[in-house]
Amino acid sequence: MTTPASAPFPLRRLARVLGLVVLLGTGGFWAAKGAHPGWSQNRVPHPQVDEITGIEYVTYEDRFVPGVEVLAAGLGLAAGLFAVSFLFNRNQPARTQ
C-alpha cells in the first residue's frame, strides 16, 4: 500500500517536463519562423530591381522573424525550470517501526 509519505512527488517531474516543453517549443518556433541568427526583425528587406532602369532598391515586408534573443530567452527559461526542479525534495521512503 502506498502511503502519502512514499507517494511520488510530481512537482519535480512537472518542472523538468515543462522545461523540456519550453526548450522544444522555443526551438521549434524559432526554426519555423525563420531562425534568424541576428536580432529579431519586424520588417524584412526584399531587394528588387527596376525593370526599366535596372536600379536595385529595397522594399520591406511587415513580418516578424525571431532572432537569437528569443532563442536565448527560451533556453534561459527552460534552464530555470530545470534548476527549480532541484528545489523540491526527493521522497524519502516511509519509515516502518
# chains A, B, ... in the order shown; residues from 1 in each chain; ligands from 1
$ residues_around --residues "Leu24 (chain A)" --least-positions-apart "6" --cutoff "12 Å" --atoms "only C-alpha atoms" --output "mmCIF file with N, CA and C atoms, in the first residue's frame"
data_model
loop_
_atom_site.group_PDB
_atom_site.id
_atom_site.type_symbol
_atom_site.label_atom_id
_atom_site.label_comp_id
_atom_site.auth_asym_id
_atom_site.auth_seq_id
_atom_site.Cartn_x
_atom_site.Cartn_y
_atom_site.Cartn_z
ATOM 1 N N VAL A 17 9.596 18.432 -17.000
ATOM 2 C CA VAL A 17 8.837 18.248 -18.238
ATOM 3 C C VAL A 17 8.477 19.605 -18.840
ATOM 4 N N LEU A 18 8.074 20.562 -18.008
ATOM 5 C CA LEU A 18 7.781 21.902 -18.507
ATOM 6 C C LEU A 18 9.026 22.555 -19.108
ATOM 7 N N TRP A 30 11.377 29.184 -33.183
ATOM 8 C CA TRP A 30 12.482 29.929 -33.790
ATOM 9 C C TRP A 30 12.807 29.371 -35.173
ATOM 10 N N ALA A 31 12.852 28.043 -35.308
ATOM 11 C CA ALA A 31 13.165 27.425 -36.595
ATOM 12 C C ALA A 31 12.028 27.614 -37.597
ATOM 13 N N ALA A 32 10.789 27.503 -37.154
ATOM 14 C CA ALA A 32 9.651 27.610 -38.062
ATOM 15 C C ALA A 32 9.460 29.024 -38.598
ATOM 16 N N LEU A 71 15.467 32.912 -28.844
ATOM 17 C CA LEU A 71 16.016 31.588 -28.562
ATOM 18 C C LEU A 71 16.711 31.566 -27.196
ATOM 19 N N GLY A 74 14.148 31.616 -24.337
ATOM 20 C CA GLY A 74 13.533 30.293 -24.166
ATOM 21 C C GLY A 74 14.476 29.308 -23.506
ATOM 22 N N LEU A 75 15.736 29.334 -23.913
ATOM 23 C CA LEU A 75 16.727 28.455 -23.289
ATOM 24 C C LEU A 75 16.931 28.807 -21.819
ATOM 25 N N LEU A 77 14.695 30.251 -19.822
ATOM 26 C CA LEU A 77 13.503 29.846 -19.088
ATOM 27 C C LEU A 77 13.500 28.339 -18.857
ATOM 28 N N ALA A 78 13.890 27.574 -19.870
ATOM 29 C CA ALA A 78 13.939 26.114 -19.720
ATOM 30 C C ALA A 78 14.986 25.715 -18.680
#
$ residues_around --residues "region 36-51 of chain A" --least-positions-apart "5" --cutoff "9 Å" --atoms "only C-alpha atoms" --output "PDB file with C-alpha atoms, in the first residue's frame"
ATOM      1  CA  TRP A  30      12.482  29.929 -33.790  1.00  0.00           C
ATOM      2  CA  ALA A  31      13.165  27.425 -36.595  1.00  0.00           C
ATOM      3  CA  GLU A  56      18.213  47.990 -57.339  1.00  0.00           C
ATOM      4  CA  TYR A  57      16.020  49.182 -54.486  1.00  0.00           C
ATOM      5  CA  VAL A  58      14.744  47.704 -51.235  1.00  0.00           C
ATOM      6  CA  THR A  59      11.151  47.125 -50.237  1.00  0.00           C
ATOM      7  CA  TYR A  60      10.152  45.977 -46.770  1.00  0.00           C
ATOM      8  CA  GLU A  61       7.639  43.297 -45.810  1.00  0.00           C
ATOM      9  CA  ASP A  62       5.950  43.611 -42.404  1.00  0.00           C
ATOM     10  CA  ARG A  63       6.695  40.199 -40.892  1.00  0.00           C
ATOM     11  CA  PHE A  64       8.153  39.077 -37.558  1.00  0.00           C
ATOM     12  CA  VAL A  65      11.305  36.969 -37.691  1.00  0.00           C
ATOM     13  CA  PRO A  66      12.538  35.859 -34.240  1.00  0.00           C
ATOM     14  CA  GLY A  67      16.225  36.292 -33.559  1.00  0.00           C
ATOM     15  CA  VAL A  68      18.697  34.812 -31.145  1.00  0.00           C
ATOM     16  CA  GLU A  69      17.334  36.759 -28.166  1.00  0.00           C
ATOM     17  CA  VAL A  70      14.050  34.828 -28.458  1.00  0.00           C
TER      18      VAL A  70
END
$ select_by_dssp --residues "chain A" --states "strand (DSSP E or B)" --output "VMD selection string"
chain A and resid 41 to 49 56 to 65
$ atom_distance --atom1 "CA of Leu14 (chain A)" --atom2 "CA of Ala35 (chain A)"
28.4 Å
$ atom_distance --atom1 "CA of Arg12 (chain A)" --atom2 "CA of Gly28 (chain A)"
24.5 Å
